[in-house]
file query.txt (compact mmCIF, C-alpha atoms)
# COMPACT_ATOMS: atom_id res chain seq x y z
CA MET A 24 -17.38 -78.78 110.88
CA SER A 25 -19.36 -77.79 113.97
CA ILE A 26 -17.22 -76.61 116.91
CA MET A 27 -19.04 -79.02 119.22
CA ALA A 28 -18.03 -81.90 116.94
CA TYR A 29 -14.37 -80.85 116.59
CA ASN A 30 -13.13 -83.14 119.36
CA GLY A 31 -16.08 -85.54 119.74
CA ALA A 32 -17.48 -87.01 122.96
CA ALA A 33 -20.10 -89.34 124.42
CA ILE A 34 -21.24 -88.76 128.01
CA MET A 35 -24.27 -89.97 129.92
CA ALA A 36 -25.61 -90.26 133.44
CA MET A 37 -28.37 -92.50 134.78
CA LYS A 38 -30.38 -92.76 137.97
CA GLY A 39 -30.79 -96.05 139.83
CA LYS A 40 -32.15 -97.18 143.19
CA ASN A 41 -30.16 -95.15 145.75
CA CYS A 42 -27.34 -94.81 143.25
CA VAL A 43 -26.33 -92.91 140.12
CA ALA A 44 -23.95 -93.74 137.31
CA ILE A 45 -21.97 -91.46 135.04
CA ALA A 46 -20.00 -92.66 132.02
CA ALA A 47 -17.92 -91.15 129.25
CA ASP A 48 -15.71 -92.16 126.36
CA THR A 49 -12.01 -91.37 126.67
CA ARG A 50 -11.07 -90.26 123.18
CA PHE A 51 -9.21 -87.08 122.47
CA GLY A 52 -9.25 -86.41 118.75
CA ILE A 53 -8.83 -83.57 116.33
CA GLN A 54 -11.59 -83.99 113.77
CA ALA A 55 -11.04 -87.45 112.30
CA GLN A 56 -7.61 -88.08 113.86
CA THR A 57 -7.40 -89.76 117.25
CA VAL A 58 -4.59 -88.26 119.31
CA SER A 59 -5.11 -89.93 122.68
CA THR A 60 -7.30 -92.68 124.12
CA LYS A 61 -6.88 -91.65 127.76
CA PHE A 62 -8.54 -88.25 127.96
CA GLN A 63 -10.45 -87.39 131.14
CA LYS A 64 -13.94 -85.96 130.67
CA ILE A 65 -15.50 -86.70 134.08
CA PHE A 66 -14.34 -84.73 137.09
CA GLU A 67 -14.98 -85.23 140.80
CA LEU A 68 -16.35 -82.20 142.62
CA GLY A 69 -17.27 -83.95 145.86
CA PRO A 70 -17.07 -87.44 147.37
CA ARG A 71 -20.35 -88.37 145.67
CA LEU A 72 -20.70 -85.64 143.06
CA TYR A 73 -19.33 -85.85 139.53
CA ILE A 74 -19.57 -83.67 136.44
CA GLY A 75 -18.99 -84.84 132.87
CA LEU A 76 -18.14 -82.33 130.17
CA ALA A 77 -18.74 -82.92 126.45
CA GLY A 78 -17.65 -80.54 123.73
CA LEU A 79 -14.50 -78.65 122.80
CA ALA A 80 -11.60 -80.24 124.70
CA THR A 81 -9.91 -76.99 125.65
CA ASP A 82 -13.14 -75.72 127.18
CA VAL A 83 -13.69 -79.08 128.94
CA GLN A 84 -10.43 -78.52 130.77
CA THR A 85 -10.92 -74.79 131.39
CA VAL A 86 -14.50 -75.11 132.64
CA SER A 87 -13.60 -78.01 134.96
CA GLU A 88 -10.73 -75.98 136.44
CA ARG A 89 -12.78 -72.79 136.88
CA LEU A 90 -15.69 -74.74 138.30
CA LYS A 91 -13.44 -76.48 140.84
CA PHE A 92 -12.24 -73.03 141.87
CA ARG A 93 -15.80 -71.81 142.45
CA VAL A 94 -16.80 -74.96 144.32
CA ASN A 95 -13.71 -74.73 146.54
CA LEU A 96 -14.59 -71.16 147.52
CA TYR A 97 -18.23 -72.15 148.11
CA GLU A 98 -17.20 -74.95 150.45
CA LEU A 99 -14.81 -72.69 152.33
CA ARG A 100 -17.47 -70.03 152.84
CA GLU A 101 -20.36 -72.40 153.63
CA ASN A 102 -18.23 -74.88 155.55
CA ARG A 103 -20.06 -77.79 153.97
CA ARG A 104 -20.12 -79.79 150.72
CA VAL A 105 -22.09 -78.37 147.78
CA LYS A 106 -25.41 -80.08 147.00
CA PRO A 107 -25.92 -81.48 143.47
CA LYS A 108 -28.87 -79.17 142.85
CA THR A 109 -26.83 -76.16 143.92
CA LEU A 110 -23.92 -77.23 141.72
CA LEU A 111 -26.36 -77.18 138.82
CA SER A 112 -27.03 -73.50 139.53
CA VAL A 113 -23.31 -72.73 139.92
CA VAL A 114 -22.58 -74.28 136.52
CA SER A 115 -25.54 -72.53 134.96
CA ASN A 116 -24.27 -69.18 136.24
CA LEU A 117 -20.72 -69.89 135.05
CA LEU A 118 -21.95 -70.66 131.53
CA TYR A 119 -24.50 -67.86 131.22
CA GLU A 120 -21.86 -65.29 132.22
CA ARG A 121 -20.45 -66.07 128.78
CA ARG A 122 -23.81 -65.85 127.01
CA PHE A 123 -22.48 -64.09 123.90
CA GLY A 124 -19.12 -65.84 123.68
CA PRO A 125 -19.86 -69.21 125.27
CA TYR A 126 -17.75 -72.09 126.46
CA PHE A 127 -18.38 -74.89 123.97
CA VAL A 128 -19.25 -77.52 126.54
CA GLU A 129 -22.48 -79.31 127.44
CA PRO A 130 -22.13 -80.58 131.01
CA VAL A 131 -23.79 -83.53 132.68
CA ILE A 132 -24.06 -83.74 136.48
CA ALA A 133 -24.57 -86.89 138.54
CA GLY A 134 -24.45 -87.27 142.30
CA LEU A 135 -26.08 -88.16 145.60
CA ASP A 136 -27.27 -85.45 147.96
CA ASP A 137 -24.79 -85.10 150.77
CA VAL A 138 -27.38 -85.24 153.55
CA THR A 139 -30.32 -87.25 152.18
CA SER A 140 -28.37 -89.45 149.69
CA GLU A 141 -31.08 -88.79 147.14
CA PRO A 142 -29.91 -89.56 143.54
CA PHE A 143 -29.66 -86.60 141.17
CA VAL A 144 -28.89 -86.25 137.45
CA ALA A 145 -29.03 -83.12 135.32
CA SER A 146 -27.59 -81.59 132.20
CA LEU A 147 -27.12 -78.14 130.72
CA ASP A 148 -26.67 -76.65 127.27
CA LEU A 149 -23.66 -74.56 126.40
CA ILE A 150 -25.21 -71.31 127.65
CA GLY A 151 -26.36 -72.74 130.95
CA CYS A 152 -29.97 -73.84 130.55
CA PRO A 153 -30.45 -76.44 133.31
CA MET A 154 -32.49 -79.60 132.86
CA VAL A 155 -33.25 -82.04 135.67
CA THR A 156 -34.61 -85.45 134.73
CA GLU A 157 -35.86 -88.48 136.61
CA ASP A 158 -34.18 -91.10 134.41
CA PHE A 159 -31.05 -90.23 132.39
CA VAL A 160 -29.20 -87.45 130.64
CA VAL A 161 -26.89 -87.58 127.62
CA SER A 162 -24.48 -85.19 125.99
CA GLY A 163 -22.08 -85.31 123.07
CA THR A 164 -21.74 -85.85 119.33
CA CYS A 165 -23.77 -89.05 119.35
CA SER A 166 -26.59 -87.77 121.52
CA GLU A 167 -29.29 -89.12 119.17
CA GLN A 168 -27.77 -92.58 119.37
CA MET A 169 -27.41 -92.30 123.16
CA TYR A 170 -31.05 -91.26 123.59
CA GLY A 171 -32.14 -94.31 121.64
CA MET A 172 -29.95 -96.66 123.67
CA CYS A 173 -30.94 -95.14 127.04
CA GLU A 174 -34.65 -95.33 126.26
CA SER A 175 -34.20 -99.00 125.46
CA VAL A 176 -32.05 -100.19 128.36
CA TRP A 177 -33.12 -97.95 131.24
CA SER A 178 -35.85 -98.83 133.66
CA PRO A 179 -36.59 -97.33 137.10
CA ASP A 180 -34.99 -98.60 140.31
CA LEU A 181 -32.06 -100.51 138.90
CA ASP A 182 -29.59 -101.69 141.52
CA PRO A 183 -25.90 -100.72 141.16
CA ASP A 184 -24.91 -103.83 139.19
CA GLN A 185 -27.86 -103.60 136.83
CA LEU A 186 -27.25 -99.88 136.41
CA PHE A 187 -23.62 -100.56 135.50
CA GLU A 188 -24.69 -103.02 132.80
CA ALA A 189 -27.30 -100.65 131.43
CA ILE A 190 -25.11 -97.56 131.22
CA SER A 191 -22.16 -99.52 129.82
CA GLN A 192 -24.19 -101.06 127.00
CA ALA A 193 -25.91 -97.77 126.25
CA LEU A 194 -22.63 -95.84 126.00
CA LEU A 195 -20.61 -98.42 124.09
CA ASN A 196 -23.21 -99.16 121.45
CA ALA A 197 -24.07 -95.49 120.91
CA ALA A 198 -20.39 -94.53 120.59
CA ASP A 199 -19.82 -97.39 118.12
CA ARG A 200 -22.18 -95.65 115.74
CA ASP A 201 -20.24 -92.37 115.95
CA ALA A 202 -17.03 -91.80 114.01
CA VAL A 203 -15.64 -89.28 116.56
CA SER A 204 -16.54 -90.98 119.87
CA GLY A 205 -15.27 -94.07 121.59
CA TRP A 206 -11.73 -95.41 121.75
CA GLY A 207 -12.22 -96.37 125.40
CA ALA A 208 -14.75 -95.67 128.13
CA VAL A 209 -14.93 -95.12 131.89
CA VAL A 210 -17.91 -95.62 134.23
CA HIS A 211 -18.39 -94.36 137.80
CA ILE A 212 -21.10 -95.98 139.93
CA ILE A 213 -21.90 -93.70 142.88
CA GLU A 214 -23.53 -95.28 145.92
CA LYS A 215 -24.15 -94.06 149.47
CA ASP A 216 -20.96 -95.52 150.90
CA LYS A 217 -18.64 -95.97 147.90
CA VAL A 218 -17.83 -95.03 144.34
CA THR A 219 -16.78 -97.78 141.94
CA THR A 220 -14.81 -96.74 138.87
CA ARG A 221 -14.38 -99.16 135.99
CA THR A 222 -12.80 -98.83 132.55
CA LEU A 223 -14.72 -100.61 129.83
CA LYS A 224 -13.15 -102.71 127.12
CA ALA A 225 -14.28 -100.71 124.14
CA ARG A 226 -13.77 -100.92 120.40
CA MET A 227 -10.71 -98.92 119.42
CA ASP A 228 -12.01 -97.81 116.06
CA MET B 26 -9.65 -83.42 99.97
CA ALA B 27 -12.95 -81.77 98.96
CA THR B 28 -13.48 -81.55 95.24
CA LYS B 29 -15.50 -78.79 93.63
CA ALA B 30 -18.44 -81.15 93.34
CA PHE B 31 -18.41 -82.00 97.00
CA ALA B 32 -18.19 -78.30 97.90
CA MET B 33 -21.11 -77.53 95.60
CA SER B 34 -23.29 -80.23 97.07
CA GLN B 35 -22.45 -78.99 100.56
CA LYS B 36 -23.90 -75.59 99.58
CA PHE B 37 -27.21 -77.26 98.85
CA CYS B 38 -26.99 -78.97 102.22
CA ASP B 39 -27.02 -75.56 103.89
CA LEU B 40 -30.64 -75.21 102.84
CA GLN B 41 -31.51 -77.92 105.36
CA SER B 42 -33.75 -77.15 108.30
CA PRO B 43 -31.69 -75.98 111.31
CA MET B 44 -33.40 -78.51 113.59
CA GLU B 45 -32.24 -81.48 111.53
CA PRO B 46 -29.22 -83.48 112.67
CA ASP B 47 -26.27 -83.59 110.27
CA PHE B 48 -26.61 -87.19 109.23
CA VAL B 49 -30.06 -86.72 107.67
CA SER B 50 -28.67 -84.71 104.79
CA ALA B 51 -24.92 -85.45 104.74
CA GLN B 52 -23.43 -87.41 101.86
CA HIS B 53 -22.48 -91.02 102.41
CA LEU B 54 -18.71 -91.15 102.38
CA THR B 55 -16.45 -94.12 102.73
CA GLY B 56 -13.94 -92.38 105.02
CA THR B 57 -11.89 -95.47 104.61
CA THR B 58 -8.56 -97.11 104.54
CA VAL B 59 -7.85 -99.29 101.50
CA MET B 60 -4.69 -100.99 100.36
CA ALA B 61 -3.39 -103.29 97.65
CA VAL B 62 -0.08 -105.16 97.40
CA GLN B 63 1.31 -107.12 94.48
CA PHE B 64 3.13 -110.41 95.02
CA ASP B 65 4.52 -113.05 92.71
CA GLY B 66 1.40 -114.84 91.51
CA GLY B 67 -1.30 -112.34 92.41
CA VAL B 68 -2.39 -109.43 94.59
CA VAL B 69 -3.62 -108.90 98.13
CA ILE B 70 -6.29 -106.27 98.69
CA GLY B 71 -7.67 -105.00 101.97
CA ALA B 72 -10.12 -102.45 103.37
CA ASP B 73 -11.92 -101.38 106.54
CA SER B 74 -15.74 -101.50 106.69
CA ARG B 75 -17.00 -98.10 107.83
CA THR B 76 -19.31 -95.80 105.85
CA THR B 77 -20.05 -92.46 107.44
CA SER B 78 -22.72 -89.84 106.92
CA GLY B 79 -21.27 -86.80 108.65
CA ALA B 80 -20.06 -88.27 111.94
CA TYR B 81 -22.76 -90.98 111.98
CA VAL B 82 -21.62 -94.49 111.12
CA ALA B 83 -24.18 -95.40 108.49
CA ASN B 84 -22.79 -98.85 107.78
CA ARG B 85 -20.27 -100.62 110.02
CA VAL B 86 -19.94 -103.73 107.87
CA THR B 87 -19.48 -102.23 104.39
CA ASP B 88 -17.80 -104.28 101.68
CA LYS B 89 -15.43 -101.91 99.91
CA LEU B 90 -13.77 -104.66 97.89
CA THR B 91 -15.99 -104.76 94.85
CA ARG B 92 -15.93 -107.36 92.12
CA ILE B 93 -15.35 -106.18 88.58
CA THR B 94 -14.62 -109.61 87.13
CA ASP B 95 -13.76 -112.90 88.83
CA LYS B 96 -10.09 -111.94 88.99
CA ILE B 97 -10.25 -108.14 88.97
CA TYR B 98 -11.46 -106.26 92.03
CA CYS B 99 -11.49 -102.61 93.04
CA CYS B 100 -11.06 -100.91 96.43
CA ARG B 101 -13.42 -97.95 96.78
CA SER B 102 -12.80 -94.74 98.75
CA GLY B 103 -14.49 -91.35 98.62
CA SER B 104 -18.16 -90.86 97.84
CA ALA B 105 -20.05 -94.14 98.24
CA ALA B 106 -22.53 -93.27 95.48
CA ASP B 107 -19.87 -92.22 92.97
CA THR B 108 -17.67 -95.25 93.49
CA GLN B 109 -20.59 -97.70 93.36
CA ALA B 110 -21.82 -96.16 90.11
CA ILE B 111 -18.35 -96.21 88.53
CA ALA B 112 -17.69 -99.79 89.59
CA ASP B 113 -21.02 -100.89 88.08
CA ILE B 114 -20.21 -99.23 84.77
CA VAL B 115 -16.72 -100.69 84.61
CA ALA B 116 -18.03 -104.16 85.44
CA TYR B 117 -20.61 -103.84 82.66
CA HIS B 118 -18.03 -102.78 80.05
CA LEU B 119 -15.68 -105.55 81.06
CA SER B 120 -18.32 -108.25 80.91
CA VAL B 121 -19.18 -107.25 77.34
CA HIS B 122 -15.48 -107.04 76.49
CA GLN B 123 -14.91 -110.51 77.94
CA LEU B 124 -17.55 -111.96 75.64
CA GLU B 125 -16.05 -110.15 72.68
CA ILE B 126 -12.47 -111.34 73.18
CA GLY B 127 -13.38 -114.80 74.47
CA GLU B 128 -10.94 -114.81 77.37
CA GLU B 129 -10.40 -113.15 80.76
CA PRO B 130 -9.82 -109.40 80.44
CA LEU B 131 -6.59 -107.69 81.45
CA VAL B 132 -6.33 -105.72 84.70
CA LYS B 133 -4.83 -102.91 82.63
CA THR B 134 -8.06 -102.69 80.62
CA ALA B 135 -10.16 -102.34 83.76
CA ALA B 136 -7.80 -99.68 85.08
CA LYS B 137 -8.01 -97.79 81.79
CA ILE B 138 -11.81 -97.74 81.91
CA PHE B 139 -11.71 -96.55 85.53
CA GLN B 140 -9.32 -93.82 84.50
CA ASP B 141 -11.48 -92.75 81.59
CA LEU B 142 -14.57 -92.40 83.78
CA CYS B 143 -12.76 -90.73 86.67
CA TYR B 144 -10.87 -88.25 84.49
CA THR B 145 -13.74 -87.27 82.20
CA ASN B 146 -16.06 -86.67 85.14
CA ARG B 147 -13.39 -85.37 87.52
CA ASP B 148 -15.27 -82.14 88.29
CA GLN B 149 -18.40 -83.87 89.47
CA MET B 150 -16.93 -86.74 91.38
CA SER B 151 -15.14 -87.66 94.55
CA ALA B 152 -13.72 -91.11 93.90
CA GLY B 153 -10.37 -92.63 94.87
CA ILE B 154 -10.08 -96.14 93.46
CA ILE B 155 -7.51 -98.91 93.55
CA CYS B 156 -7.91 -101.47 90.77
CA ALA B 157 -6.11 -104.76 91.39
CA GLY B 158 -6.23 -108.28 90.08
CA TRP B 159 -4.55 -111.10 88.18
CA ASP B 160 -4.38 -111.81 84.47
CA ARG B 161 -2.54 -114.31 82.30
CA LYS B 162 -0.33 -111.74 80.57
CA GLU B 163 1.19 -109.75 83.45
CA GLY B 164 0.25 -111.70 86.58
CA GLY B 165 -0.65 -109.69 89.68
CA GLN B 166 -1.05 -105.94 89.13
CA VAL B 167 -2.11 -102.95 91.23
CA TYR B 168 -3.24 -99.68 89.66
CA CYS B 169 -4.16 -96.60 91.69
CA ILE B 170 -6.62 -94.09 90.28
CA PRO B 171 -6.81 -91.17 92.74
CA LEU B 172 -9.06 -88.11 92.74
CA GLY B 173 -8.05 -86.29 89.55
CA GLY B 174 -8.23 -89.36 87.34
CA MET B 175 -4.60 -90.31 86.78
CA CYS B 176 -3.70 -93.98 86.58
CA LEU B 177 -0.45 -95.37 87.90
CA ARG B 178 0.74 -98.92 88.34
CA GLN B 179 2.51 -99.51 91.66
CA PRO B 180 3.70 -102.57 93.58
CA VAL B 181 1.92 -101.35 96.71
CA THR B 182 -0.56 -98.56 97.16
CA ILE B 183 -2.82 -97.18 99.90
CA GLY B 184 -5.85 -94.93 99.72
CA GLY B 185 -8.62 -93.24 101.69
CA SER B 186 -8.53 -90.83 104.61
CA GLY B 187 -6.91 -93.40 106.90
CA SER B 188 -4.01 -93.98 104.54
CA THR B 189 -2.31 -90.76 105.66
CA TYR B 190 -1.50 -92.43 108.99
CA ILE B 191 0.29 -95.41 107.48
CA TYR B 192 2.54 -94.01 104.76
CA GLY B 193 5.52 -94.31 107.09
CA TYR B 194 4.61 -97.84 108.12
CA VAL B 195 4.13 -99.01 104.52
CA ASP B 196 7.38 -97.38 103.38
CA ALA B 197 9.29 -99.00 106.24
CA ILE B 198 7.86 -102.52 106.01
CA TYR B 199 7.33 -103.13 102.30
CA LYS B 200 9.99 -105.13 100.51
CA PRO B 201 9.77 -106.33 96.90
CA ASN B 202 8.98 -110.04 96.32
CA MET B 203 7.10 -110.65 99.55
CA ALA B 204 5.23 -113.94 99.76
CA GLN B 205 1.43 -114.11 99.79
CA ASN B 206 1.13 -114.71 103.54
CA ALA B 207 3.56 -111.93 104.32
CA CYS B 208 1.48 -109.59 102.14
CA LEU B 209 -1.71 -110.57 103.98
CA GLU B 210 -0.07 -109.93 107.35
CA PHE B 211 1.37 -106.62 106.13
CA THR B 212 -2.01 -105.43 104.82
CA LYS B 213 -3.82 -106.49 107.98
CA ASN B 214 -1.34 -104.65 110.21
CA ALA B 215 -1.39 -101.51 108.10
CA ILE B 216 -5.17 -101.25 108.04
CA SER B 217 -5.36 -101.96 111.79
CA LEU B 218 -2.98 -99.09 112.47
CA ALA B 219 -5.02 -96.75 110.30
CA ILE B 220 -8.28 -97.80 111.95
CA GLN B 221 -6.80 -97.00 115.33
CA ARG B 222 -6.05 -93.42 114.36
CA ASP B 223 -8.66 -92.49 111.77
CA GLY B 224 -12.21 -91.75 112.93
CA SER B 225 -13.59 -92.37 109.46
CA SER B 226 -12.18 -95.92 109.32
CA GLY B 227 -13.28 -98.83 111.46
CA GLY B 228 -15.39 -101.93 111.77
CA VAL B 229 -13.91 -105.16 110.45
CA VAL B 230 -10.88 -105.65 108.19
CA ARG B 231 -11.71 -107.33 104.91
CA LEU B 232 -8.82 -109.05 103.14
CA ALA B 233 -8.72 -110.85 99.83
CA SER B 234 -6.05 -112.46 97.73
CA ILE B 235 -6.52 -112.82 93.99
CA THR B 236 -4.47 -115.38 92.08
CA GLU B 237 -4.80 -117.58 89.04
CA ALA B 238 -7.14 -119.77 91.06
CA GLY B 239 -9.52 -116.90 91.78
CA ILE B 240 -10.30 -114.94 94.90
CA GLU B 241 -10.07 -115.98 98.53
CA ARG B 242 -11.76 -113.63 100.99
CA GLN B 243 -11.51 -113.27 104.75
CA THR B 244 -13.05 -111.03 107.36
CA ILE B 245 -11.19 -110.22 110.55
CA LEU B 246 -13.28 -109.03 113.49
CA HIS B 247 -12.17 -106.26 115.79
CA ASN B 248 -11.05 -108.48 118.66
CA ASP B 249 -8.79 -110.49 116.38
CA LEU B 250 -6.92 -107.50 115.01
CA PRO B 251 -3.32 -106.91 116.11
CA LYS B 252 -3.03 -104.44 118.97
CA PHE B 253 -0.58 -101.61 118.67
CA SER B 254 -1.04 -99.42 121.71
CA VAL B 255 1.03 -96.33 122.01
CA ILE B 256 -1.86 -93.89 122.46

call {"tool": "encode", "arguments": {"input": "query.txt", "output": "structure tokens"}}
result
Amino acid sequence: MSIMAYNGAAIMAMKGKNCVAIAADTRFGIQAQTVSTKFQKIFELGPRLYIGLAGLATDVQTVSERLKFRVNLYELRENRRVKPKTLLSVVSNLLYERRFGPYFVEPVIAGLDDVTSEPFVASLDLIGCPMVTEDFVVSGTCSEQMYGMCESVWSPDLDPDQLFEAISQALLNAADRDAVSGWGAVVHIIEKDKVTTRTLKARMD
Amino acid sequence: MATKAFAMSQKFCDLQSPMEPDFVSAQHLTGTTVMAVQFDGGVVIGADSRTTSGAYVANRVTDKLTRITDKIYCCRSGSAADTQAIADIVAYHLSVHQLEIGEEPLVKTAAKIFQDLCYTNRDQMSAGIICAGWDRKEGGQVYCIPLGGMCLRQPVTIGGSGSTYIYGYVDAIYKPNMAQNACLEFTKNAISLAIQRDGSSGGVVRLASITEAGIERQTILHNDLPKFSVI
């Protein structure tokens, strides 16, 4: 079995009107067996900046910890919060350092610029190739299913409530067609003045 | 659980184009949880409804409880193609046999034909089958025919990849001479537990009880399944 499919994951991020959303399933499994349904895959790196990590679970935890370390030092040196676009470069550097023995994670970044509040979504492959899009990004074992769902439900300039509906439906229905994703889901809606976190009632099969 | 045949066919799959996702060329497998319980007067059979192709859920509403005769059914696990082909052949033989003997065939006969096919072709196949039903001579019977092609009659049996998670539960809960409703509840709970843990099992739970009167089927949707949450 592919290393990227050993634990299974479904993560996506979408842009809306002055807001972004990031969502992930919460399954921790070992191949076909589900071990936990409360596994964290999205991590907060700033008040309005989140990163989701899909791939091998051990690397999800290690990369999030090492990244937090780098971001902490950045913020101490620069005396300001890291911008989403800059975080993209930090992650890219972290991953490419391991070009010939990579971390088996494919990150997804979602956030609002600290100063301008401009929405930002991006993703990277496991060796750090960055990709910035204007609509949505997906990552995980059911990426084909997620692409199909996102293309169908996303439209530009959705308000926070519409964006929540869109990303929830996209994630749940894509994960339901994947044997190693699902078993619970969490969604963060990031707006200028608040972040709303909701757990979705998902199929537990 | 991979048989030689499965391993051989996987080798051919390696010739696929590297750009192709897994599910385009992967075999259809019923990852599965299946179960059958005998009670006084008949049998209860149950299954999940997920068919996978790699990690892709190819069918989320599969019917794995396949009719052989009106009162003999089989629960299929393993390769979808293999088990469908075998079930068709067994159903054909039994329908001819029924005409020849002029009465309803015995469950034992169906199980024997399953065994013959599964054993003779054991090297090429990946099929785990439970044959269960009711006949006039012995009443309710359950026969399990796992991968190598042996045939064993048991009062309760489980099969498929999800069954590994419920051996303890089945051993703890099963008691001889359970009533029909208790058997239905038992089967529903067991399959729900397996679905919760096994990635290759999921969808709806299909239950059926086979008695002298025939078969009564039911489908239980995900929201109506019992919730056991420890994880």

call {"tool": "atom_distance", "arguments": {"input": "query.txt", "atom1": "CA of Pro251 in chain B", "atom2": "CA of Lys213 in chain B"}}
result
8.2 Å

call {"tool": "closest_atom_pairs", "arguments": {"input": "query.txt", "of": "range 42-153 of chain B", "to": "range 215-223 of chain B", "cutoff": "8 Å", "atoms": "only C-alpha atoms", "output": "CSV"}}
result
residue,atom,partner,partner_atom,distance
B:Thr58,CA,B:Ile216,CA,6.4
B:Val59,CA,B:Ile216,CA,7.3
B:Met60,CA,B:Ile216,CA,7.7
B:Gly71,CA,B:Ile216,CA,7.6
B:Ala72,CA,B:Ile216,CA,6.9
B:Asp73,CA,B:Ile216,CA,6.9

call {"tool": "write_last_selection", "arguments": {"input": "query.txt", "atoms": "C-alpha atoms", "output": "tab-separated table (two decimals), keeping the file's coordinate frame"}}
result
chain	number	residue	atom	x	y	z
B	58	THR	CA	-8.56	-97.11	104.54
B	59	VAL	CA	-7.85	-99.29	101.50
B	60	MET	CA	-4.69	-100.99	100.36
B	71	GLY	CA	-7.67	-105.00	101.97
B	72	ALA	CA	-10.12	-102.45	103.37
B	73	ASP	CA	-11.92	-101.38	106.54

call {"tool": "residues_around", "arguments": {"input": "query.txt", "residues": "Gly163 in chain A", "least_positions_apart": "2", "cutoff": "6 Å", "atoms": "all atoms listed in the file", "output": "short mmCIF file (atom, residue, chain, number, x, y, z; two decimals) with C-alpha atoms, in the coordinates of the input"}}
result
data_model
loop_
_atom_site.label_atom_id
_atom_site.label_comp_id
_atom_site.auth_asym_id
_atom_site.auth_seq_id
_atom_site.Cartn_x
_atom_site.Cartn_y
_atom_site.Cartn_z
CA ALA A 32 -17.48 -87.01 122.96
CA ALA A 33 -20.10 -89.34 124.42
CA ALA A 77 -18.74 -82.92 126.45
CA CYS A 165 -23.77 -89.05 119.35
CA SER A 166 -26.59 -87.77 121.52
#

call {"tool": "closest_atom_pairs", "arguments": {"input": "query.txt", "of": "chain B", "to": "chain A", "cutoff": "10 Å", "atoms": "all atoms listed in the file", "output": "Markdown table"}}
result
| residue | atom | partner | partner_atom | distance |
| --- | --- | --- | --- | --- |
| B:Pro46 | CA | A:Glu167 | CA | 8.6 |
| B:Asp47 | CA | A:Ser25 | CA | 9.8 |
| B:Gly56 | CA | A:Ala55 | CA | 9.3 |
| B:Arg75 | CA | A:Ala202 | CA | 8.8 |
| B:Thr76 | CA | A:Ala202 | CA | 9.4 |
| B:Thr77 | CA | A:Ala202 | CA | 7.3 |
| B:Ser78 | CA | A:Ala202 | CA | 9.3 |
| B:Gly79 | CA | A:Ala202 | CA | 8.5 |
| B:Ala80 | CA | A:Ala202 | CA | 5.1 |
| B:Tyr81 | CA | A:Asp201 | CA | 4.9 |
| B:Val82 | CA | A:Arg200 | CA | 4.8 |
| B:Ala83 | CA | A:Arg200 | CA | 7.5 |
| B:Asn84 | CA | A:Arg200 | CA | 8.6 |
| B:Arg85 | CA | A:Arg200 | CA | 7.8 |
| B:Ser186 | CA | A:Ala55 | CA | 8.8 |
| B:Gly187 | CA | A:Gln56 | CA | 8.8 |
| B:Tyr190 | CA | A:Gln56 | CA | 8.9 |
| B:Ser217 | CA | A:Asp228 | CA | 8.9 |
| B:Leu218 | CA | A:Asp228 | CA | 9.8 |
| B:Ala219 | CA | A:Asp228 | CA | 9.1 |
| B:Ile220 | CA | A:Asp228 | CA | 5.6 |
| B:Gln221 | CA | A:Asp228 | CA | 5.3 |
| B:Arg222 | CA | A:Thr57 | CA | 4.9 |
| B:Asp223 | CA | A:Gln56 | CA | 5.0 |
| B:Gly224 | CA | A:Ala55 | CA | 4.5 |
| B:Ser225 | CA | A:Ala202 | CA | 5.7 |
| B:Ser226 | CA | A:Asp228 | CA | 7.0 |
| B:Gly227 | CA | A:Asp228 | CA | 4.9 |
| B:Gly228 | CA | A:Asp228 | CA | 6.8 |
| B:Val229 | CA | A:Asp228 | CA | 9.4 |
| B:His247 | CA | A:Arg226 | CA | 7.2 |
| B:Asn248 | CA | A:Arg226 | CA | 8.2 |
| B:Lys252 | CA | A:Met227 | CA | 9.5 |
| B:Ser254 | CA | A:Thr60 | CA | 9.5 |
| B:Val255 | CA | A:Ser59 | CA | 8.9 |
| B:Ile256 | CA | A:Ser59 | CA | 5.1 |

call {"tool": "atom_distance", "arguments": {"input": "query.txt", "atom1": "CA of Gly239 in chain B", "atom2": "CA of Gly66 in chain B"}}
result
11.1 Å

call {"tool": "residues_near_point", "arguments": {"input": "query.txt", "point": "(-7.6, -114.8, 100.5)", "cutoff": "12 Å", "atoms": "all atoms listed in the file", "output": "PyMOL selection string"}}
result
chain B and resi 67-71+205-206+208-210+212-213+231-236+238-245

call {"tool": "atom_distance", "arguments": {"input": "query.txt", "atom1": "CA of Ala36 in chain A", "atom2": "CA of Arg100 in chain A"}}
result
29.2 Å

call {"tool": "residues_near_point", "arguments": {"input": "query.txt", "point": "(-8.4, -80.0, 131.4)", "cutoff": "12 Å", "atoms": "only C-alpha atoms", "output": "tab-separated table (two decimals) with C-alpha atoms, keeping the file's coordinate frame"}}
result
chain	number	residue	atom	x	y	z
A	51	PHE	CA	-9.21	-87.08	122.47
A	62	PHE	CA	-8.54	-88.25	127.96
A	63	GLN	CA	-10.45	-87.39	131.14
A	64	LYS	CA	-13.94	-85.96	130.67
A	65	ILE	CA	-15.50	-86.70	134.08
A	66	PHE	CA	-14.34	-84.73	137.09
A	75	GLY	CA	-18.99	-84.84	132.87
A	76	LEU	CA	-18.14	-82.33	130.17
A	77	ALA	CA	-18.74	-82.92	126.45
A	79	LEU	CA	-14.50	-78.65	122.80
A	80	ALA	CA	-11.60	-80.24	124.70
A	81	THR	CA	-9.91	-76.99	125.65
A	82	ASP	CA	-13.14	-75.72	127.18
A	83	VAL	CA	-13.69	-79.08	128.94
A	84	GLN	CA	-10.43	-78.52	130.77
A	85	THR	CA	-10.92	-74.79	131.39
A	86	VAL	CA	-14.50	-75.11	132.64
A	87	SER	CA	-13.60	-78.01	134.96
A	88	GLU	CA	-10.73	-75.98	136.44
A	89	ARG	CA	-12.78	-72.79	136.88
A	90	LEU	CA	-15.69	-74.74	138.30
A	91	LYS	CA	-13.44	-76.48	140.84
